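my_file_28.cif (mmCIF, C-alpha atoms)
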```
data_work
loop_
_atom_site.label_atom_id
_atom_site.label_comp_id
_atom_site.auth_asym_id
_atom_site.auth_seq_id
_atom_site.Cartn_x
_atom_site.Cartn_y
_atom_site.Cartn_z
CA MET U 1 14.97 -32.90 -11.53
CA ALA U 2 13.44 -29.76 -10.03
CA GLN U 3 10.38 -30.02 -7.83
CA GLU U 4 7.19 -29.32 -9.76
CA ILE U 5 5.78 -25.89 -9.02
CA PRO U 6 2.27 -26.25 -7.52
CA PHE U 7 0.61 -23.52 -9.57
CA VAL U 8 -3.12 -23.08 -9.13
CA ARG U 9 -5.03 -22.20 -12.27
CA GLU U 10 -8.35 -21.01 -10.87
CA LEU U 11 -9.47 -17.80 -9.21
CA ASP U 12 -13.01 -17.43 -7.91
CA PHE U 13 -14.08 -13.78 -8.12
CA GLU U 14 -16.36 -11.31 -9.87
CA TYR U 15 -14.99 -8.08 -11.32
CA GLY U 16 -16.00 -4.97 -9.40
CA VAL U 17 -17.17 -6.89 -6.34
CA ALA U 18 -15.36 -7.13 -3.01
CA ASP U 19 -14.81 -10.79 -2.21
CA GLN U 20 -14.57 -11.64 1.52
CA VAL U 21 -11.62 -14.03 1.32
CA SER U 22 -10.98 -14.36 5.08
CA GLY U 23 -12.24 -12.96 8.36
CA GLY U 24 -10.25 -9.75 8.02
CA ILE U 25 -9.49 -9.56 4.30
CA ARG U 26 -11.51 -8.51 1.27
CA ARG U 27 -10.23 -8.54 -2.32
CA VAL U 28 -11.26 -6.54 -5.39
CA VAL U 29 -9.70 -7.62 -8.71
CA ALA U 30 -8.94 -4.96 -11.32
CA ARG U 31 -9.99 -5.47 -14.94
CA ASN U 32 -6.42 -5.64 -16.25
CA PRO U 33 -5.94 -9.28 -17.23
CA SER U 34 -2.82 -10.06 -19.25
CA PRO U 35 -0.12 -12.71 -19.64
CA PHE U 36 1.69 -10.91 -16.80
CA THR U 37 -1.22 -10.21 -14.42
CA TYR U 38 -3.32 -13.39 -14.82
CA PHE U 39 -6.94 -12.29 -14.23
CA GLY U 40 -5.80 -8.87 -12.96
CA THR U 41 -4.40 -7.03 -9.97
CA GLY U 42 -5.91 -8.14 -6.68
CA THR U 43 -6.29 -5.17 -4.34
CA TYR U 44 -6.80 -6.10 -0.70
CA ILE U 45 -8.88 -4.38 1.97
CA VAL U 46 -7.75 -5.16 5.52
CA GLY U 47 -9.89 -4.67 8.60
CA ARG U 48 -13.28 -3.13 9.23
CA GLU U 49 -14.41 0.47 9.67
CA GLN U 50 -10.81 1.81 9.77
CA VAL U 51 -9.25 -0.05 6.83
CA ALA U 52 -6.01 -0.39 4.92
CA ILE U 53 -5.84 -0.74 1.14
CA ILE U 54 -2.95 -2.87 -0.16
CA ASP U 55 -1.82 -2.28 -3.77
CA PRO U 56 -4.53 0.03 -5.20
CA GLY U 57 -3.62 -1.24 -8.65
CA PRO U 58 -3.41 0.48 -12.04
CA LEU U 59 -4.56 3.98 -12.93
CA ASP U 60 -8.10 2.77 -13.51
CA GLU U 61 -11.04 4.87 -12.34
CA LYS U 62 -13.50 1.95 -12.54
CA HIS U 63 -11.31 -0.16 -10.26
CA ILE U 64 -10.94 2.67 -7.74
CA ASP U 65 -14.70 3.23 -7.86
CA ALA U 66 -15.20 -0.47 -7.07
CA LEU U 67 -12.82 -0.15 -4.13
CA LEU U 68 -14.58 2.93 -2.80
CA ASN U 69 -17.99 1.28 -3.16
CA SER U 70 -16.67 -1.64 -1.12
CA VAL U 71 -15.72 0.64 1.80
CA ARG U 72 -18.36 3.36 1.38
CA ASP U 73 -19.38 3.25 5.05
CA GLU U 74 -15.81 2.91 6.26
CA THR U 75 -12.67 5.07 6.45
CA ILE U 76 -9.47 4.36 4.56
CA THR U 77 -6.67 5.11 7.00
CA HIS U 78 -3.67 3.53 5.25
CA ILE U 79 -2.67 2.91 1.60
CA VAL U 80 0.06 0.28 1.49
CA VAL U 81 2.19 -0.59 -1.55
CA THR U 82 4.24 -3.73 -2.15
CA HIS U 83 6.22 -2.27 -5.08
CA THR U 84 6.07 0.24 -7.89
CA HIS U 85 5.16 -1.58 -11.07
CA MET U 86 2.40 0.04 -13.10
CA ASP U 87 -0.26 -2.49 -12.12
CA HIS U 88 0.30 -1.96 -8.38
CA SER U 89 0.94 1.63 -7.23
CA PRO U 90 -0.52 4.18 -9.71
CA GLY U 91 -4.00 3.76 -8.23
CA CYS U 92 -2.68 5.56 -5.16
CA ARG U 93 -2.98 8.84 -7.05
CA LEU U 94 -6.69 8.32 -7.69
CA LEU U 95 -7.36 7.22 -4.12
CA ARG U 96 -5.58 10.27 -2.74
CA GLU U 97 -8.00 12.48 -4.68
CA ILE U 98 -10.81 11.00 -2.59
CA CYS U 99 -9.22 10.40 0.80
CA ASP U 100 -6.30 11.81 2.75
CA ALA U 101 -4.89 8.47 3.94
CA PRO U 102 -1.07 8.40 3.76
CA THR U 103 0.74 5.98 1.48
CA TYR U 104 3.26 3.49 2.87
CA GLY U 105 6.08 1.76 1.00
CA PHE U 106 9.79 0.98 1.01
CA GLY U 107 10.53 3.88 -1.29
CA PRO U 108 10.35 5.10 -4.90
CA HIS U 109 11.07 2.81 -7.84
CA GLY U 110 14.68 1.64 -7.71
CA SER U 111 15.24 2.84 -4.16
CA GLY U 112 16.45 -0.55 -2.95
CA HIS U 113 19.74 -0.13 -4.81
CA GLN U 114 22.78 0.80 -2.78
CA ASP U 115 24.21 2.63 -5.79
CA ASP U 116 22.29 5.80 -6.57
CA ASP U 117 23.49 5.81 -10.19
CA VAL U 118 21.73 2.56 -11.15
CA VAL U 119 19.28 3.29 -13.97
CA VAL U 120 16.14 1.20 -13.52
CA GLU U 121 14.03 -0.12 -16.37
CA GLU U 122 11.15 1.70 -17.96
CA GLY U 123 7.71 0.54 -16.93
CA GLY U 124 8.01 1.39 -13.26
CA ASP U 125 5.77 3.95 -11.55
CA MET U 126 8.32 6.74 -11.37
CA GLU U 127 5.80 9.15 -9.82
CA PHE U 128 5.16 7.17 -6.65
CA VAL U 129 6.90 8.42 -3.52
CA PRO U 130 5.44 7.08 -0.26
CA ASP U 131 4.30 9.55 2.35
CA ILE U 132 5.76 7.21 4.95
CA TYR U 133 8.86 5.12 4.22
CA VAL U 134 8.77 1.75 5.96
CA THR U 135 11.66 -0.54 6.82
CA ASP U 136 12.11 -4.25 7.37
CA ASN U 137 10.21 -5.57 10.43
CA GLU U 138 8.45 -2.25 11.01
CA LEU U 139 4.82 -2.46 12.14
CA ILE U 140 1.91 -0.65 10.49
CA GLN U 141 -1.13 -0.77 12.75
CA GLY U 142 -4.85 -0.06 12.57
CA ASP U 143 -7.68 -0.52 15.04
CA ASP U 144 -8.11 -4.25 14.40
CA TRP U 145 -5.09 -5.22 12.28
CA THR U 146 -1.31 -5.22 12.30
CA LEU U 147 0.96 -5.45 9.27
CA ARG U 148 4.64 -6.35 9.71
CA CYS U 149 6.91 -5.26 6.88
CA VAL U 150 9.16 -7.88 5.27
CA HIS U 151 11.60 -6.44 2.74
CA THR U 152 11.84 -8.91 -0.15
CA PRO U 153 13.96 -7.39 -2.92
CA GLY U 154 14.48 -9.33 -6.12
CA HIS U 155 11.47 -8.83 -8.37
CA THR U 156 12.11 -5.15 -7.73
CA SER U 157 14.61 -3.62 -5.34
CA ASN U 158 11.85 -1.88 -3.35
CA HIS U 159 9.54 -4.89 -3.01
CA MET U 160 7.95 -5.22 0.42
CA CYS U 161 5.69 -8.02 1.64
CA TYR U 162 3.40 -7.56 4.65
CA VAL U 163 2.52 -10.10 7.33
CA PHE U 164 -1.07 -9.78 8.57
CA GLU U 165 -0.25 -10.79 12.13
CA GLU U 166 -3.81 -11.45 13.27
CA GLU U 167 -4.27 -14.16 10.63
CA LYS U 168 -0.68 -15.42 10.15
CA ALA U 169 -1.02 -14.45 6.50
CA LEU U 170 1.34 -12.76 4.05
CA PHE U 171 0.48 -10.23 1.37
CA SER U 172 3.18 -11.43 -0.99
CA GLY U 173 2.76 -8.96 -3.86
CA ASP U 174 4.65 -10.24 -6.89
CA HIS U 175 7.43 -11.88 -4.88
CA VAL U 176 5.45 -15.12 -4.58
CA MET U 177 2.46 -15.45 -6.90
CA GLY U 178 -0.18 -18.15 -7.03
CA TRP U 179 -0.11 -18.80 -10.76
CA SER U 180 3.43 -18.15 -12.02
CA THR U 181 6.96 -17.32 -11.00
CA SER U 182 8.02 -13.67 -11.00
CA VAL U 183 10.03 -11.95 -13.70
CA VAL U 184 13.42 -10.85 -12.40
CA SER U 185 14.61 -8.09 -14.72
CA PRO U 186 18.01 -6.43 -14.17
CA PRO U 187 19.14 -3.87 -13.30
CA ASP U 188 16.35 -3.23 -10.76
CA GLY U 189 15.54 -6.92 -10.48
CA ASP U 190 18.29 -9.04 -8.98
CA MET U 191 18.38 -12.84 -8.84
CA GLU U 192 20.68 -13.04 -5.83
CA SER U 193 18.35 -10.80 -3.83
CA TYR U 194 15.32 -12.72 -5.08
CA MET U 195 16.74 -16.07 -3.94
CA LYS U 196 17.70 -14.66 -0.53
CA SER U 197 14.21 -13.22 -0.15
CA LEU U 198 12.62 -16.57 -0.99
CA ASN U 199 14.81 -18.35 1.54
CA ARG U 200 13.95 -15.76 4.16
CA LEU U 201 10.24 -16.55 3.85
CA LEU U 202 10.96 -20.16 4.83
CA ASP U 203 11.68 -18.87 8.34
CA GLU U 204 8.21 -17.32 8.65
CA ASN U 205 5.53 -19.40 10.36
CA LEU U 206 2.57 -18.45 8.19
CA ASP U 207 -0.62 -20.20 7.12
CA THR U 208 -1.54 -18.42 3.89
CA TYR U 209 -0.07 -16.13 1.24
CA TRP U 210 -2.32 -13.64 -0.53
CA PRO U 211 -0.52 -12.69 -3.77
CA THR U 212 -1.51 -9.73 -5.91
CA HIS U 213 -2.01 -12.08 -8.86
CA GLY U 214 -3.63 -15.46 -8.59
CA PRO U 215 -5.35 -17.45 -5.86
CA PRO U 216 -4.20 -17.83 -2.24
CA ILE U 217 -1.30 -20.11 -1.43
CA THR U 218 -2.49 -22.31 1.41
CA ASP U 219 0.64 -24.44 1.81
CA PRO U 220 3.35 -21.77 1.60
CA VAL U 221 6.53 -23.65 2.50
CA PRO U 222 6.38 -26.27 -0.29
CA HIS U 223 5.33 -23.54 -2.71
CA VAL U 224 8.36 -21.37 -1.87
CA GLU U 225 10.67 -24.37 -1.89
CA ALA U 226 9.38 -25.24 -5.36
CA PHE U 227 10.18 -21.70 -6.54
CA ILE U 228 13.74 -22.07 -5.23
CA HIS U 229 14.15 -25.46 -6.92
CA HIS U 230 12.71 -24.02 -10.12
CA ARG U 231 15.41 -21.32 -10.28
CA GLN U 232 18.06 -23.93 -9.57
CA GLU U 233 16.67 -25.97 -12.45
CA ARG U 234 16.90 -22.93 -14.73
CA GLU U 235 20.60 -22.66 -13.85
CA ARG U 236 21.06 -26.31 -14.77
CA GLN U 237 19.31 -25.65 -18.07
CA ILE U 238 21.60 -22.70 -18.79
CA LEU U 239 24.66 -24.88 -18.23
CA GLU U 240 23.13 -27.51 -20.51
CA GLN U 241 22.53 -24.92 -23.24
CA LEU U 242 26.12 -23.72 -22.95
CA SER U 243 27.39 -27.29 -23.25
CA ASN U 244 25.26 -27.65 -26.40
CA GLY U 245 26.97 -24.66 -27.97
CA LYS U 246 24.22 -22.09 -27.35
CA HIS U 247 25.90 -18.97 -25.96
CA ARG U 248 23.21 -16.35 -26.55
CA ILE U 249 20.06 -15.80 -24.54
CA SER U 250 18.02 -15.57 -27.73
CA GLU U 251 19.08 -19.15 -28.51
CA MET U 252 18.44 -20.46 -25.01
CA VAL U 253 14.96 -19.08 -24.34
CA PRO U 254 13.00 -20.96 -27.08
CA VAL U 255 14.42 -24.22 -25.73
CA MET U 256 14.17 -23.49 -22.00
CA TYR U 257 10.69 -21.97 -22.30
CA ALA U 258 9.32 -24.14 -25.11
CA ASN U 259 6.03 -24.69 -23.22
CA VAL U 260 5.57 -21.02 -22.28
CA ASP U 261 3.48 -18.49 -24.22
CA ARG U 262 5.85 -16.87 -26.73
CA ARG U 263 4.55 -13.46 -25.70
CA LEU U 264 6.37 -14.07 -22.42
CA HIS U 265 9.70 -14.98 -24.01
CA PRO U 266 11.14 -11.42 -23.83
CA ALA U 267 10.38 -11.36 -20.10
CA ALA U 268 11.80 -14.87 -19.75
CA ALA U 269 14.98 -13.65 -21.46
CA LYS U 270 15.37 -11.01 -18.77
CA SER U 271 15.08 -13.65 -16.04
CA VAL U 272 17.65 -15.78 -17.86
CA PHE U 273 19.96 -12.77 -17.97
CA ALA U 274 19.41 -12.27 -14.21
CA ALA U 275 20.28 -15.94 -13.62
CA ILE U 276 23.43 -15.62 -15.73
CA CYS U 277 24.51 -12.56 -13.73
CA TYR U 278 24.01 -14.50 -10.50
CA MET U 279 25.87 -17.53 -11.82
CA PHE U 280 28.74 -15.32 -13.00
CA LYS U 281 28.97 -13.71 -9.58
CA ARG U 282 29.28 -17.14 -7.95
CA GLY U 283 31.88 -18.35 -10.44
CA LYS U 284 29.62 -20.99 -12.03
CA ILE U 285 30.19 -19.54 -15.51
CA THR U 286 32.68 -17.20 -17.16
CA VAL U 287 31.94 -14.47 -19.66
CA ASP U 288 34.01 -13.38 -22.64
CA GLY U 289 33.86 -9.60 -22.42
CA GLU U 290 31.81 -7.35 -20.16
CA LEU U 291 28.61 -8.69 -18.60
CA ALA U 292 26.50 -5.56 -18.89
CA GLU U 293 22.79 -4.85 -18.68
CA ASP U 294 22.61 -3.60 -22.27
CA ALA U 295 24.01 -6.91 -23.51
CA LEU U 296 20.56 -8.40 -22.94
CA PHE U 297 18.93 -6.00 -25.32
CA GLN U 298 21.67 -6.51 -27.92
CA VAL U 299 20.92 -10.22 -27.77
CA LEU U 300 17.17 -9.74 -28.05
CA GLU U 301 17.54 -7.50 -31.09
CA ASP U 302 19.61 -10.03 -33.04
#
```
Using structure tokens, write down the structure that the file contains.
Amino acid sequence: MAQEIPFVRELDFEYGVADQVSGGIRRVVARNPSPFTYFGTGTYIVGREQVAIIDPGPLDEKHIDALLNSVRDETITHIVVTHTHMDHSPGCRLLREICDAPTYGFGPHGSGHQDDDVVVEEGGDMEFVPDIYVTDNELIQGDDWTLRCVHTPGHTSNHMCYVFEEEKALFSGDHVMGWSTSVVSPPDGDMESYMKSLNRLLDENLDTYWPTHGPPITDPVPHVEAFIHHRQERERQILEQLSNGKHRISEMVPVMYANVDRRLHPAAAKSVFAAICYMFKRGKITVDGELAEDALFQVLED
């Protein structure tokens, strides 16, 4: 039996107000709640006077106004992005109309792929190109803060987490969330990379994770271990479904995700497809015919 995932179901905040969540971190939550974002995108402000903004959020003028009001007597010197989904990076464009701080990120949407011809899914922020490309273990520094880049592909190929060295904390983006597991959607999402990225975090000696969605994770190692065990349990469930004669994702998902909001079943199907791809690569299952990305959508349309 897989270890139970220690999800936290509460988040103490007020929309439009900067919440001082630690000595060097403030958080402003965007008004974009959904089954995928929980209460909304949490944008973080790091430092004092000369500050960094992490994940400016969606293209929402009210959210950007709330951010600017929170730092009205300070200077934004860095705009840092974990990845390029539409609830994370588009706010950069609005911020850049107000300030000239450079943007930092791994690269454009899909840039973590080794093959340039991989077509990534719709829904990514295709306009975002960082002013400064950052690499694994690179340092981004301000007057009173240091961020160390930790490349964590899987949820997206360009996903980057950031260690706030002064507080032994991690801005974990969507790689590790406080209320749910992440969707891993091929072809940009990759389950093998996601699992490797989770295991890598176990080597980090950190006290707290600050995800973009959900509350802080104050006991990170068991939380990450539970995520790993959860994915292993999903593989066991896939094998069980196959043994029961269910060979299509559309048949598996209602059983495997019976207790999950049905609005999330299409996203769950993508994660199941990612798991099947990973299992196929390791020889745990065989496939009759070609295992292709468009097969997922053929299944979903049946």
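Here the PyMOL selection byres ((chain U and resi 100-105) around 6) captures the residues Thr77, His78, Ile79, Val80, Val81, Arg96, Cys99, Phe106, Gly107, Pro130, Asp131, Ile132, Tyr133 and Val134 of chain U.
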Decode the PyMOL selection byres ((chain U and resi 180-189) around 7) for the given file into explicit residues and return them as an mmCIF file with C-alpha atoms, keeping the file's coordinate frame.
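Final output, part.cif:
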```cif
data_model
loop_
_atom_site.group_PDB
_atom_site.id
_atom_site.type_symbol
_atom_site.label_atom_id
_atom_site.label_comp_id
_atom_site.auth_asym_id
_atom_site.auth_seq_id
_atom_site.Cartn_x
_atom_site.Cartn_y
_atom_site.Cartn_z
ATOM 1 C CA PHE U 7 0.610 -23.520 -9.570
ATOM 2 C CA GLY U 110 14.680 1.640 -7.710
ATOM 3 C CA VAL U 120 16.140 1.200 -13.520
ATOM 4 C CA GLU U 121 14.030 -0.120 -16.370
ATOM 5 C CA GLY U 154 14.480 -9.330 -6.120
ATOM 6 C CA HIS U 155 11.470 -8.830 -8.370
ATOM 7 C CA THR U 156 12.110 -5.150 -7.730
ATOM 8 C CA SER U 157 14.610 -3.620 -5.340
ATOM 9 C CA ASP U 174 4.650 -10.240 -6.890
ATOM 10 C CA HIS U 175 7.430 -11.880 -4.880
ATOM 11 C CA VAL U 176 5.450 -15.120 -4.580
ATOM 12 C CA MET U 177 2.460 -15.450 -6.900
ATOM 13 C CA GLY U 178 -0.180 -18.150 -7.030
ATOM 14 C CA TRP U 179 -0.110 -18.800 -10.760
ATOM 15 C CA ASP U 190 18.290 -9.040 -8.980
ATOM 16 C CA MET U 191 18.380 -12.840 -8.840
ATOM 17 C CA ALA U 267 10.380 -11.360 -20.100
ATOM 18 C CA ALA U 268 11.800 -14.870 -19.750
ATOM 19 C CA LYS U 270 15.370 -11.010 -18.770
ATOM 20 C CA SER U 271 15.080 -13.650 -16.040
ATOM 21 C CA ALA U 274 19.410 -12.270 -14.210
ATOM 22 C CA GLU U 293 22.790 -4.850 -18.680
#
```
Expand the PyMOL selection byres ((chain U and resi 209) around 12) into the explicit residue set it covers here, and present it as an mmCIF file with C-alpha atoms, keeping the file's coordinate frame.
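Output file selection-v3.cif is given in full below:
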```cif
data_model
loop_
_atom_site.group_PDB
_atom_site.id
_atom_site.type_symbol
_atom_site.label_atom_id
_atom_site.label_comp_id
_atom_site.auth_asym_id
_atom_site.auth_seq_id
_atom_site.Cartn_x
_atom_site.Cartn_y
_atom_site.Cartn_z
ATOM 1 C CA VAL U 21 -11.620 -14.030 1.320
ATOM 2 C CA SER U 22 -10.980 -14.360 5.080
ATOM 3 C CA ILE U 25 -9.490 -9.560 4.300
ATOM 4 C CA CYS U 161 5.690 -8.020 1.640
ATOM 5 C CA TYR U 162 3.400 -7.560 4.650
ATOM 6 C CA VAL U 163 2.520 -10.100 7.330
ATOM 7 C CA PHE U 164 -1.070 -9.780 8.570
ATOM 8 C CA GLU U 167 -4.270 -14.160 10.630
ATOM 9 C CA LYS U 168 -0.680 -15.420 10.150
ATOM 10 C CA ALA U 169 -1.020 -14.450 6.500
ATOM 11 C CA LEU U 170 1.340 -12.760 4.050
ATOM 12 C CA PHE U 171 0.480 -10.230 1.370
ATOM 13 C CA SER U 172 3.180 -11.430 -0.990
ATOM 14 C CA GLY U 173 2.760 -8.960 -3.860
ATOM 15 C CA ASP U 174 4.650 -10.240 -6.890
ATOM 16 C CA HIS U 175 7.430 -11.880 -4.880
ATOM 17 C CA VAL U 176 5.450 -15.120 -4.580
ATOM 18 C CA MET U 177 2.460 -15.450 -6.900
ATOM 19 C CA GLY U 178 -0.180 -18.150 -7.030
ATOM 20 C CA LEU U 201 10.240 -16.550 3.850
ATOM 21 C CA GLU U 204 8.210 -17.320 8.650
ATOM 22 C CA ASN U 205 5.530 -19.400 10.360
ATOM 23 C CA LEU U 206 2.570 -18.450 8.190
ATOM 24 C CA ASP U 207 -0.620 -20.200 7.120
ATOM 25 C CA THR U 208 -1.540 -18.420 3.890
ATOM 26 C CA TRP U 210 -2.320 -13.640 -0.530
ATOM 27 C CA PRO U 211 -0.520 -12.690 -3.770
ATOM 28 C CA THR U 212 -1.510 -9.730 -5.910
ATOM 29 C CA HIS U 213 -2.010 -12.080 -8.860
ATOM 30 C CA GLY U 214 -3.630 -15.460 -8.590
ATOM 31 C CA PRO U 215 -5.350 -17.450 -5.860
ATOM 32 C CA PRO U 216 -4.200 -17.830 -2.240
ATOM 33 C CA ILE U 217 -1.300 -20.110 -1.430
ATOM 34 C CA THR U 218 -2.490 -22.310 1.410
ATOM 35 C CA ASP U 219 0.640 -24.440 1.810
ATOM 36 C CA PRO U 220 3.350 -21.770 1.600
ATOM 37 C CA VAL U 221 6.530 -23.650 2.500
ATOM 38 C CA HIS U 223 5.330 -23.540 -2.710
ATOM 39 C CA VAL U 224 8.360 -21.370 -1.870
#
```
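Of note, CA of Met160 in chain U and CA of Gly91 in chain U are spaced 17.3 Å apart.
Distance annotation: of U:Thr84, U:Ser34, U:Thr152, U:Ser89, the residue with the minimal separation from Asp60 in chain U is U:Ser89; atom set is all atoms listed in the file.
Closest approach to Met279 in chain U among U:Val29, U:Ile238, U:Ala258, U:Met126: U:Ile238, based on only C-alpha atoms.
For the pair CA of His109 in chain U and CA of Trp145 in chain U, the separation is 27.0 Å.
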- Which of U:Asn69, U:His85, U:Arg93, U:Asn199 sits closest to Asn158 in chain U [using only C-alpha atoms]: U:His85
